[in-house]
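The next block is model.csv, given as CSV, C-alpha atoms.
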chain,number,residue,atom,x,y,z
R,1,MET,CA,-38.1,-29.0,36.7
R,2,ASN,CA,-35.1,-27.3,35.1
R,3,ASP,CA,-34.5,-28.8,31.7
R,4,ARG,CA,-31.2,-27.0,31.2
R,5,MET,CA,-29.1,-28.6,28.6
R,6,ASN,CA,-25.6,-29.6,29.5
R,7,VAL,CA,-22.7,-30.3,27.2
R,8,GLY,CA,-22.9,-34.0,26.3
R,9,VAL,CA,-26.6,-34.3,26.7
R,10,SER,CA,-28.4,-35.4,23.5
R,11,ARG,CA,-31.2,-33.2,22.2
R,12,ALA,CA,-32.9,-32.8,18.8
R,13,ILE,CA,-32.0,-29.5,17.1
R,14,ALA,CA,-35.1,-27.4,16.4
R,15,ILE,CA,-34.5,-24.9,13.7
R,16,ILE,CA,-37.0,-22.1,14.0
R,17,GLY,CA,-37.7,-20.5,10.6
R,18,GLY,CA,-35.9,-23.6,9.1
R,19,THR,CA,-37.5,-23.5,5.7
R,20,GLY,CA,-35.2,-20.6,4.5
R,21,PRO,CA,-31.8,-21.0,2.9
R,22,ALA,CA,-29.8,-20.8,6.1
R,23,GLY,CA,-32.1,-23.1,8.0
R,24,THR,CA,-32.2,-25.8,5.3
R,25,GLY,CA,-28.5,-25.6,4.8
R,26,LEU,CA,-27.8,-26.1,8.5
R,27,ALA,CA,-30.4,-28.9,8.7
R,28,LEU,CA,-28.8,-30.7,5.8
R,29,ARG,CA,-25.3,-30.6,7.3
R,30,TRP,CA,-26.4,-31.7,10.7
R,31,ALA,CA,-28.6,-34.5,9.3
R,32,ARG,CA,-25.7,-35.8,7.4
R,33,ALA,CA,-23.6,-35.7,10.6
R,34,GLY,CA,-26.2,-37.9,12.3
R,35,GLU,CA,-28.0,-35.3,14.4
R,36,THR,CA,-31.8,-35.4,14.9
R,37,VAL,CA,-33.3,-32.2,13.3
R,38,ILE,CA,-36.7,-30.6,13.5
R,39,ILE,CA,-37.6,-28.0,10.9
R,40,GLY,CA,-39.8,-25.3,12.3
R,41,SER,CA,-42.1,-23.1,10.1
R,42,ARG,CA,-45.2,-20.9,10.4
R,43,ASP,CA,-46.8,-23.5,8.2
R,44,ALA,CA,-46.5,-27.1,9.4
R,45,ALA,CA,-47.1,-28.5,5.9
R,46,ARG,CA,-44.3,-26.5,4.5
R,47,ALA,CA,-42.0,-27.6,7.4
R,48,GLU,CA,-42.8,-31.3,6.6
R,49,GLN,CA,-42.2,-30.7,2.8
R,50,THR,CA,-38.9,-29.2,3.6
R,51,SER,CA,-37.9,-32.0,6.0
R,52,GLU,CA,-38.8,-34.6,3.3
R,53,ALA,CA,-36.6,-32.8,0.8
R,54,ILE,CA,-33.7,-32.8,3.3
R,55,ARG,CA,-34.1,-36.4,4.1
R,56,LYS,CA,-33.9,-37.3,0.4
R,57,ARG,CA,-30.6,-35.5,0.2
R,58,ALA,CA,-29.1,-36.5,3.5
R,59,GLY,CA,-29.7,-40.2,3.2
R,60,ALA,CA,-32.0,-43.0,4.3
R,61,ASP,CA,-30.9,-42.8,7.9
R,62,ALA,CA,-31.4,-39.0,8.2
R,63,GLN,CA,-33.6,-38.1,11.2
R,64,VAL,CA,-35.4,-34.9,10.0
R,65,SER,CA,-39.0,-33.9,10.8
R,66,GLY,CA,-41.1,-30.8,10.3
R,67,LEU,CA,-43.4,-29.0,12.8
R,68,GLU,CA,-45.0,-25.6,13.2
R,69,ASN,CA,-42.6,-23.2,15.0
R,70,SER,CA,-44.4,-23.4,18.4
R,71,ALA,CA,-44.5,-27.2,18.3
R,72,ALA,CA,-40.8,-27.2,17.4
R,73,CYS,CA,-40.0,-25.1,20.4
R,74,GLY,CA,-41.9,-27.4,22.6
R,75,ALA,CA,-40.2,-30.5,21.2
R,76,SER,CA,-36.6,-29.5,22.1
R,77,SER,CA,-34.5,-27.5,24.5
R,78,LEU,CA,-32.0,-26.7,21.7
R,79,LEU,CA,-33.2,-24.1,19.3
R,80,VAL,CA,-31.5,-22.5,16.3
R,81,LEU,CA,-33.0,-19.2,15.0
R,82,THR,CA,-32.7,-18.6,11.3
R,83,VAL,CA,-35.3,-16.0,10.5
R,84,PRO,CA,-35.0,-12.7,8.6
R,85,TYR,CA,-34.4,-9.8,11.0
R,86,GLU,CA,-37.6,-8.0,10.2
R,87,GLY,CA,-39.7,-10.8,11.6
R,88,LEU,CA,-37.4,-11.5,14.7
R,89,ALA,CA,-39.2,-9.6,17.4
R,90,ALA,CA,-42.8,-10.5,16.4
R,91,LEU,CA,-41.9,-14.2,16.1
R,92,LEU,CA,-40.1,-14.4,19.5
R,93,LYS,CA,-43.0,-12.7,21.2
R,94,GLN,CA,-45.3,-15.2,19.7
R,95,LEU,CA,-43.2,-18.2,20.6
R,96,LYS,CA,-42.2,-17.1,24.1
R,97,PRO,CA,-44.9,-19.2,25.8
R,98,ALA,CA,-43.7,-22.3,23.9
R,99,ILE,CA,-40.0,-22.0,24.6
R,100,ARG,CA,-39.0,-24.6,27.3
R,101,PRO,CA,-37.4,-23.4,30.5
R,102,GLY,CA,-33.6,-23.8,30.4
R,103,SER,CA,-33.4,-24.0,26.7
R,104,ILE,CA,-30.4,-22.9,24.6
R,105,LEU,CA,-31.2,-20.7,21.6
R,106,ILE,CA,-28.5,-20.2,19.0
R,107,ASP,CA,-29.2,-17.0,17.0
R,108,ALA,CA,-27.9,-16.8,13.4
R,109,THR,CA,-29.8,-13.6,12.6
R,110,VAL,CA,-28.1,-10.6,11.0
R,111,PRO,CA,-29.9,-7.2,11.0
R,112,LEU,CA,-29.2,-6.4,7.3
R,113,ALA,CA,-30.4,-3.2,5.8
R,114,ALA,CA,-32.1,-5.2,3.1
R,115,SER,CA,-34.9,-6.0,5.6
R,116,VAL,CA,-36.1,-2.4,5.3
R,117,GLY,CA,-35.4,-1.9,1.6
R,118,GLY,CA,-31.7,-1.0,1.9
R,119,ARG,CA,-28.5,-2.8,0.8
R,120,ALA,CA,-27.7,-6.3,2.0
R,121,SER,CA,-24.1,-5.1,2.4
R,122,ARG,CA,-25.0,-2.8,5.3
R,123,THR,CA,-26.3,-3.6,8.8
R,124,LEU,CA,-29.0,-1.8,10.7
R,125,GLY,CA,-28.4,-0.1,14.1
R,126,VAL,CA,-30.0,-2.2,16.8
R,127,TRP,CA,-30.8,-0.5,20.1
R,128,GLN,CA,-29.7,-3.5,22.2
R,129,GLY,CA,-26.4,-3.6,20.3
R,130,SER,CA,-27.0,-6.7,18.1
R,131,ALA,CA,-29.7,-9.0,16.9
R,132,ALA,CA,-28.6,-11.6,19.3
R,133,GLN,CA,-28.8,-9.2,22.3
R,134,GLN,CA,-32.3,-8.3,21.2
R,135,THR,CA,-33.2,-11.9,21.1
R,136,ALA,CA,-31.8,-12.3,24.6
R,137,GLU,CA,-34.1,-9.6,25.8
R,138,LEU,CA,-37.2,-11.3,24.2
R,139,VAL,CA,-36.8,-14.9,25.2
R,140,PRO,CA,-38.1,-16.2,28.6
R,141,LYS,CA,-35.9,-15.7,31.7
R,142,GLY,CA,-33.4,-18.6,32.1
R,143,VAL,CA,-33.0,-19.2,28.3
R,144,SER,CA,-29.4,-19.0,27.2
R,145,VAL,CA,-28.6,-17.2,23.9
R,146,ALA,CA,-25.5,-17.8,21.8
R,147,ALA,CA,-24.8,-16.0,18.5
R,148,ALA,CA,-23.3,-18.2,15.8
R,149,PHE,CA,-23.4,-19.0,12.0
R,150,GLN,CA,-23.9,-15.4,10.8
R,151,ASN,CA,-20.8,-15.6,8.5
R,152,VAL,CA,-21.5,-18.9,6.9
R,153,SER,CA,-22.8,-18.9,3.3
R,154,ALA,CA,-26.3,-20.4,3.0
R,155,ASP,CA,-25.5,-21.3,-0.7
R,156,VAL,CA,-22.4,-23.3,0.4
R,157,LEU,CA,-24.3,-24.9,3.3
R,158,ASN,CA,-26.9,-26.1,0.8
R,159,GLY,CA,-24.2,-27.6,-1.4
R,160,ASP,CA,-22.3,-30.9,-1.2
R,161,ALA,CA,-18.7,-29.6,-0.8
R,162,ASP,CA,-17.0,-29.2,2.5
R,163,LEU,CA,-17.0,-25.6,3.9
R,164,ASP,CA,-13.9,-23.5,4.3
R,165,CYS,CA,-14.6,-21.1,7.2
R,166,ASP,CA,-14.6,-20.5,10.9
R,167,VAL,CA,-17.7,-20.0,13.0
R,168,ILE,CA,-17.3,-17.5,15.9
R,169,VAL,CA,-19.6,-18.2,18.8
R,170,CYS,CA,-20.5,-15.4,21.3
R,171,SER,CA,-22.5,-16.0,24.5
R,172,ASP,CA,-22.6,-15.0,28.2
R,173,ASP,CA,-23.2,-18.6,29.1
R,174,PRO,CA,-20.2,-20.9,28.8
R,175,ASN,CA,-22.4,-24.0,28.4
R,176,ALA,CA,-24.3,-22.4,25.5
R,177,THR,CA,-21.0,-21.5,23.9
R,178,GLN,CA,-19.7,-25.1,24.1
R,179,VAL,CA,-23.0,-26.5,22.7
R,180,ALA,CA,-22.9,-24.1,19.8
R,181,MET,CA,-19.2,-24.8,19.1
R,182,ASP,CA,-19.9,-28.5,19.1
R,183,LEU,CA,-22.6,-28.1,16.6
R,184,ALA,CA,-20.5,-25.8,14.4
R,185,ALA,CA,-17.7,-28.4,14.4
R,186,LYS,CA,-20.0,-31.1,13.1
R,187,ILE,CA,-20.0,-29.3,9.7
R,188,ALA,CA,-17.2,-30.6,7.6
R,189,GLY,CA,-14.6,-27.9,7.0
R,190,VAL,CA,-15.7,-25.6,9.8
R,191,ARG,CA,-13.7,-24.7,12.9
R,192,ALA,CA,-15.5,-23.2,15.9
R,193,ILE,CA,-14.0,-20.4,18.0
R,194,ASP,CA,-15.1,-18.9,21.3
R,195,GLY,CA,-15.7,-15.3,20.5
R,196,GLY,CA,-16.4,-14.1,24.0
R,197,LYS,CA,-19.4,-12.4,25.5
R,198,LEU,CA,-22.7,-12.0,23.6
R,199,GLU,CA,-22.0,-8.2,23.2
R,200,ASN,CA,-19.3,-9.2,20.6
R,201,ALA,CA,-22.1,-10.5,18.4
R,202,ARG,CA,-22.5,-7.0,17.0
R,203,ILE,CA,-19.1,-7.2,15.5
R,204,VAL,CA,-19.7,-10.7,14.0
R,205,GLU,CA,-23.0,-9.6,12.5
R,206,GLN,CA,-21.3,-6.6,10.8
R,207,ILE,CA,-18.7,-9.0,9.2
R,208,THR,CA,-21.6,-10.6,7.4
R,209,ALA,CA,-22.4,-7.4,5.6
R,210,LEU,CA,-18.8,-7.0,4.7
R,211,LEU,CA,-18.7,-10.6,3.3
R,212,ILE,CA,-21.8,-10.0,1.3
R,213,GLY,CA,-20.2,-6.9,-0.3
R,214,LEU,CA,-17.0,-8.9,-1.1
R,215,ASN,CA,-18.9,-11.8,-2.6
R,216,ILE,CA,-21.0,-9.5,-4.8
R,217,ARG,CA,-17.9,-7.6,-5.9
R,218,HIS,CA,-15.8,-10.7,-6.6
R,219,LYS,CA,-18.6,-13.1,-7.5
R,220,GLY,CA,-17.6,-15.5,-4.8
R,221,ARG,CA,-19.1,-17.3,-1.7
R,222,GLY,CA,-16.3,-16.5,0.8
R,223,GLY,CA,-16.3,-17.0,4.5
R,224,ILE,CA,-13.8,-16.0,7.2
R,225,ARG,CA,-10.7,-17.7,8.7
R,226,ILE,CA,-9.1,-16.6,12.0
R,227,THR,CA,-5.4,-17.4,11.9
R,228,GLY,CA,-2.6,-17.3,14.4
R,229,LEU,CA,-4.4,-18.7,17.5
R,230,PRO,CA,-3.1,-21.7,19.4
R,231,GLU,CA,-4.5,-25.0,18.2
R,232,SER,CA,-6.6,-25.3,21.4
R,233,ALA,CA,-8.7,-22.3,20.4
R,234,TYR,CA,-10.2,-24.1,17.4
R,235,LYS,CA,-12.9,-26.7,17.9
R,236,VAL,CA,-12.8,-29.3,15.2
R,237,LEU,CA,-14.5,-32.7,15.2
R,238,SER,CA,-13.8,-35.5,12.8
R,239,SER,CA,-16.1,-38.0,14.4
R,240,ARG,CA,-19.3,-39.0,12.6
R,241,PHE,CA,-21.0,-39.6,15.9
R,242,SER,CA,-23.3,-37.1,17.5
R,243,VAL,CA,-21.5,-34.4,19.4
R,244,LEU,CA,-24.5,-34.1,21.7
R,245,SER,CA,-24.7,-37.7,22.7
Any chance you could give the structure as structure tokens?
Amino acid sequence: MNDRMNVGVSRAIAIIGGTGPAGTGLALRWARAGETVIIGSRDAARAEQTSEAIRKRAGADAQVSGLENSAACGASSLLVLTVPYEGLAALLKQLKPAIRPGSILIDATVPLAASVGGRASRTLGVWQGSAAQQTAELVPKGVSVAAAFQNVSADVLNGDADLDCDVIVCSDDPNATQVAMDLAAKIAGVRAIDGGKLENARIVEQITALLIGLNIRHKGRGGIRITGLPESAYKVLSSRFSVLS
């Protein structure tokens, strides 16, 4: 049976590699917005410890749990990948049998040179064009990949203040684009923008390296804003209710 996720169908959000800064920040923001979140990790105990810490910060009604990565993949058809680039290929090959048919995978990975001992303000050349395109090659057939959240500061996500940035979403599947945009818009202060095909993810990933360099130079935590587009181009939600329900 095809378990393909449609816009408007409720699913838990399974964050693979969710114990790192980006994963915990996204989990915190979505838990505060009323989403059900599953923290995935190589270590189930660490995943549960992280989920407990997020629940304490997000409030008594927060729905956050922790599972080993394979179990997290099996528990939801909506996956968010927040792992360092150096472990991307090996992890996806390991998890491939556990990823449910028809899943949507949102990839926040950036191939930073720091993963091979270089500078975080530079990106690596990826044969497929981008980390997200590499992910699309490694997941099972029928799984839709969207690239998003590469340009959002993990430090800001893990804080309490509203964000001040846009999230560009790239995918070859319009359904995956809309799901990722809905999730991005659940984060206070974020506007989501359709960035076109998945191949454009290479440009978005490179912006991350630029932002890191700017933030180091100016001692900030800046993001990006895209100006001058018609209002309809920006996805912004003010409702506290689940965007996926």
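CA of Gln94 (chain R) lies 11.5 Å from CA of Pro140 (chain R).
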*Might you pull out every residue within 12 Å of Val169 (chain R), with all atoms listed in the file counted and same-chain residues fewer than 2 positions away left off, and present them as a ChimeraX atom specification?*
/R:106-108,132,145-151,166-167,171-185,191-205,233-235
*asked:* Can you tell me which residues surround region 51-66 of chain R at a distance of at most 12 Å, considering only C-alpha atoms, apart from same-chain residues fewer than 6 positions away, and format the answer as a count of residues only?
replied: 39
Selection near Ala90 (chain R), 12 Å with all atoms listed in the file, sequence-local residues under 6 positions removed, as a short mmCIF file (atom, residue, chain, number, x, y, z; two decimals) with C-alpha atoms, keeping the file's coordinate frame:
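And here is the file that came out, around_10.cif:
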data_model
loop_
_atom_site.label_atom_id
_atom_site.label_comp_id
_atom_site.auth_asym_id
_atom_site.auth_seq_id
_atom_site.Cartn_x
_atom_site.Cartn_y
_atom_site.Cartn_z
CA VAL R 83 -35.30 -16.00 10.50
CA PRO R 84 -35.00 -12.70 8.60
CA LYS R 96 -42.20 -17.10 24.10
CA GLN R 134 -32.30 -8.30 21.20
CA THR R 135 -33.20 -11.90 21.10
CA LEU R 138 -37.20 -11.30 24.20
CA VAL R 139 -36.80 -14.90 25.20
#
*Work out how far apart CA of Ala47 (chain R) and CA of Glu68 (chain R) are and give it in Å to one decimal.*
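Separating CA of Ala47 (chain R) from CA of Glu68 (chain R) is a distance of 6.8 Å.
The closest residue to Gly222 (chain R), picked from R:Ala154, R:Leu237, R:Ile187, R:Val110 and counting only C-alpha atoms, is R:Ala154.
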_Distance of CA of Arg221 (chain R) from CA of Ala209 (chain R), expressed in Å to one decimal place_ =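 Taking CA of Ala209 (chain R) and CA of Arg221 (chain R), their separation equals 12.7 Å.
For the residues R:Gln206, R:Ser130, R:Ser144, R:Thr50, ranking by smallest atom-to-atom distance to Leu78 (chain R) using all atoms listed in the file places R:Ser144 first.
Proximity ranking of R:Leu67, R:Leu163, R:Leu79, R:Ala89 relative to Pro111 (chain R) places R:Ala89 first, based on only C-alpha atoms.
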